[in-house]
Each structure stands twice: as structure tokens, then as C-alpha cells.
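All remarks here apply to the structure that follows.
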Protein chains: 2
Amino acid sequence: MTPFEAVAEPARRALLDALVDGPKPVGALCAATGLSQPNTSRHLRILRETGIVSCTADGQRRLYQLRPERLLELDRWLTPYRALWRSSLDSLERHLDERS
Amino acid sequence: MTPFEAVAEPARRALLDALVDGPKPVGALCAATGLSQPNTSRHLRILRETGIVSCTADGQRRLYQLRPERLLELDRWLTPYRALWRSSLDSLERHLDERS
DNA sequence: AGCTTATATAAGCTTCTGATTAGATATCTG
DNA sequence: CAGATATCTAATCAGAAGCTTATATAAGCT
């Protein structure tokens, strides 16, 4: 799965957002997102197979951790569009400047 | 539809990529992407309803144009992750520095 | 007006995706 | 070992999404 598709699902974005401040076990992710446990596991698996998170066993729990490198693909894809909206911001600024 | 979902579809990314260098009519977008005409129209409609492209009539054709502002949402969402992968790049650099 | 080109829409089909329920596996604790 | 806890997997189902074919609309041309 592409990172684009992985991140398109709101539940998965919620999981990722919950992982920004460090690794967490599945239970904590259920609590943070309100997803059912099986559903959490399913989405975590998708994220894991996409390479966006990794997981390490910790006794009876599994700690999930962000592996943000793959999100670089999103960032790279955005690059040409960034240039565009910068230029539209610029023209907005020019417009405002002209009016002031 | 969120920009995340809009951009998750490869066909729609292809359409957007084809629009980076300026507005184009539907026919040109079909040719550029290899999508069938009805399919192109369908995806363009989704992009239009999401606010990522706009369209203006030009005689019998319709010129589609990027409206990249909504993609800013993607960029903003990426922000915290950017910080993370920067720090992992930093630690990679430190690692390489130590070895040199 | 009649024909052609450009685009949009509708119907139908198939495939995919997400949620739930139930059950399996493994670890911990007493 | 028995029971409890944490997590994963499988089965099932409903709804969404994409593609194709066929048709409609509208603008241009002769």
C-alpha cells in the first residue's frame, strides 16, 4: 500500500497522531483513538506493512512506534504544489499591498 | 472528501501531476493519464468538489486548473512528522560524523 | 438544421475496505 | 497449573469506490 492510501483513512491518521509523542502499546492506542481493539490491530497491521510504524514485543504487549521515513514520499510529492501555493500567496500579498 | 482521500487515488494524483504546468482541458488530461473519458470526468469532479481543482468553461471545452490551497492541509498535517524525520536524519548525521 | 466534437452523467457490475463478533495465542500472576 | 490480560486473526457483512458501457447535453462547424 502506498503511504497516500495508508494515511487517507482517518482512523490511521488518528493512530499516527497518537504516536507522535513516543511509542505506545495497543491498549493505549485504543484508548487514545476510541477504536475497538480488533480494529486498532487491523489498522496497525496496515501501517506496519506499509512501513510507517514498527512494533517490538514487550512482554505481553507490543509497543508500536512511528517510522516516519515513508511519510517522506508524501512530502516529496507535495513539493511542486508547494511552489504553486507559495506563488499564489505571493500574488495575494501583492494584491493586498496594492490595496494598502 | 478530505484532501487525504482525494489524493490517495493514483488516477487523481496523475491528474494533478498533469496540471502542475498549467490548466488543461479534459481531453488533454485523458491523453496525459491514459484514463477513459468518463473516468477522467468522474475523478475531476471529485477533485473539484474537494476544492483541489477548479474549472472554467472555454467554448465547448472546460479548462481545469489546480487550486493547490487545500493541499496545504496535507502539508500542515505532515509538520510534526517532519520534525521526527529531521531528528532521525540528524542522528544519522551524528552517527556518520562519529565514524569519519 | 444536421453532423461532429467535448464533456458530463447514469446504470450496472465487480472489487475493495472497514466494522463487528468470535475465537486463538501468548504472557503474566497467584 | 488456573485464571486474567493483551493482542492477533478469521469469518462475515454492509457500504463505498472504481471502471465500463451507454446516453445526454452543449458548443462548433458546414
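Here's how to read the names in the C-alpha cells: chain A, B, ... by the order shown, residue numbers from 1 in each chain, ligand numbers from 1 in the order shown.
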Proximal residues of chain C relative to chain B (only C-alpha atoms (C1' of nucleotides); 8 Å) as a PyMOL selection string: chain C and resi 6-8
Kindly export the residues of the current selection with N, CA and C atoms (P, O5', C5', C4', C3', O3' and C1' of nucleotides), as a compact mmCIF listing (two decimals), in the first residue's frame.
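So the final result, stored in again-v3.txt, reads:
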# COMPACT_ATOMS: atom_id res chain seq x y z
P DA C 6 -12.59 17.19 -29.76
O5' DA C 6 -13.51 17.64 -28.55
C5' DA C 6 -13.67 19.02 -28.26
C4' DA C 6 -14.37 19.16 -26.92
C3' DA C 6 -13.74 18.32 -25.81
O3' DA C 6 -13.55 19.15 -24.67
C1' DA C 6 -16.05 17.83 -26.00
P DT C 7 -12.82 18.56 -23.38
O5' DT C 7 -14.09 18.14 -22.52
C5' DT C 7 -15.01 19.15 -22.12
C4' DT C 7 -16.23 18.53 -21.50
C3' DT C 7 -15.96 17.69 -20.27
O3' DT C 7 -16.42 18.41 -19.14
C1' DT C 7 -17.66 16.77 -21.67
P DA C 8 -16.43 17.74 -17.69
O5' DA C 8 -17.93 17.18 -17.61
C5' DA C 8 -19.00 18.07 -17.82
C4' DA C 8 -20.32 17.34 -17.64
C3' DA C 8 -20.44 16.56 -16.33
O3' DA C 8 -21.66 16.90 -15.71
C1' DA C 8 -20.91 15.14 -18.17
Counting only C-alpha atoms, chain A residues within 6 Å of chain B, as a list in words: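 In the required form, that comes to Phe4, Glu5, Ala8, Pro68 and Trp85 of chain A.
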Closest of B:Leu63, B:Leu44, B:Leu19, B:Leu35 to chain D - atom-to-atom distances counting only C-alpha atoms (C1' of nucleotides):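 So, comparing all the options, the nearest one is B:Leu35.
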Shell around DA16 in chain D at 10 Å using only C-alpha atoms (C1' of nucleotides), local window under 6 positions removed, as a PyMOL selection string: chain C and resi 16-18
Residue list for chain D near chain B as a ChimeraX atom specification, 10 Å, only C-alpha atoms (C1' of nucleotides): /D:18-20,26-28
Give me a file of those residues, with C-alpha atoms (C1' of nucleotides), as a CSV table (one decimal), in the first residue's frame.
chain,number,residue,atom,x,y,z
D,18,DG,C1',-13.7,2.4,-9.3
D,19,DC,C1',-14.3,1.0,-14.2
D,20,DT,C1',-17.1,0.3,-18.4
D,26,DA,C1',-23.9,21.6,-25.3
D,27,DA,C1',-20.9,24.0,-28.4
D,28,DG,C1',-18.8,24.3,-33.0
Atom-to-atom span, C1' of DA19 in chain C and CA of Val53 in chain A, Å: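 Interatomic distance, C1' of DA19 in chain C to CA of Val53 in chain A: 22.2 Å.
Per DSSP on the backbone, strand (DSSP E or B) in range 27-85 of chain B comprises Val53, Ser54, Cys55, Thr56, Ala57, Asp58, Arg61, Arg62, Leu63, Tyr64, Gln65 and Leu66 of chain B.
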Can you spit out the residues from that selection as a short mmCIF file (atom, residue, chain, number, x, y, z; two decimals), in the first residue's frame, using C-alpha atoms?
data_model
loop_
_atom_site.label_atom_id
_atom_site.label_comp_id
_atom_site.auth_asym_id
_atom_site.auth_seq_id
_atom_site.Cartn_x
_atom_site.Cartn_y
_atom_site.Cartn_z
CA VAL B 53 -9.11 21.94 -8.89
CA SER B 54 -11.46 24.43 -10.43
CA CYS B 55 -12.89 24.52 -13.90
CA THR B 56 -13.84 27.29 -16.27
CA ALA B 57 -15.79 26.94 -19.48
CA ASP B 58 -13.90 27.69 -22.65
CA ARG B 61 -14.28 22.59 -23.52
CA ARG B 62 -13.64 23.04 -19.86
CA LEU B 63 -10.31 24.12 -18.60
CA TYR B 64 -9.28 22.51 -15.36
CA GLN B 65 -6.85 24.27 -13.13
CA LEU B 66 -5.05 23.48 -9.92
#
How close does each residue of chain C get to range 2-7 of chain D, giving the shortest atom pair and distance in Å to one decimal for every residue with an atom at most 10 Å away, counting only C-alpha atoms (C1' of nucleotides), sorted by chain and residue number, as a tab-separated table?
residue	atom	partner	partner_atom	distance
C:DT25	C1'	D:DT7	C1'	8.6
C:DA26	C1'	D:DT7	C1'	8.6
C:DT27	C1'	D:DA6	C1'	8.1
C:DC28	C1'	D:DT5	C1'	7.6
C:DT29	C1'	D:DA4	C1'	8.2
C:DG30	C1'	D:DG3	C1'	9.1
Contacts of DG12 in chain C at 10 Å (only C-alpha atoms (C1' of nucleotides); same-chain gap of 2+ positions) as a ChimeraX atom specification: /C:10,14 /D:20-21
Straight-line distance linking C1' of DC13 in chain C with C1' of DA14 in chain D, stated in Å to one decimal: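 Spanning C1' of DC13 in chain C to C1' of DA14 in chain D is a straight-line distance of 16.9 Å.
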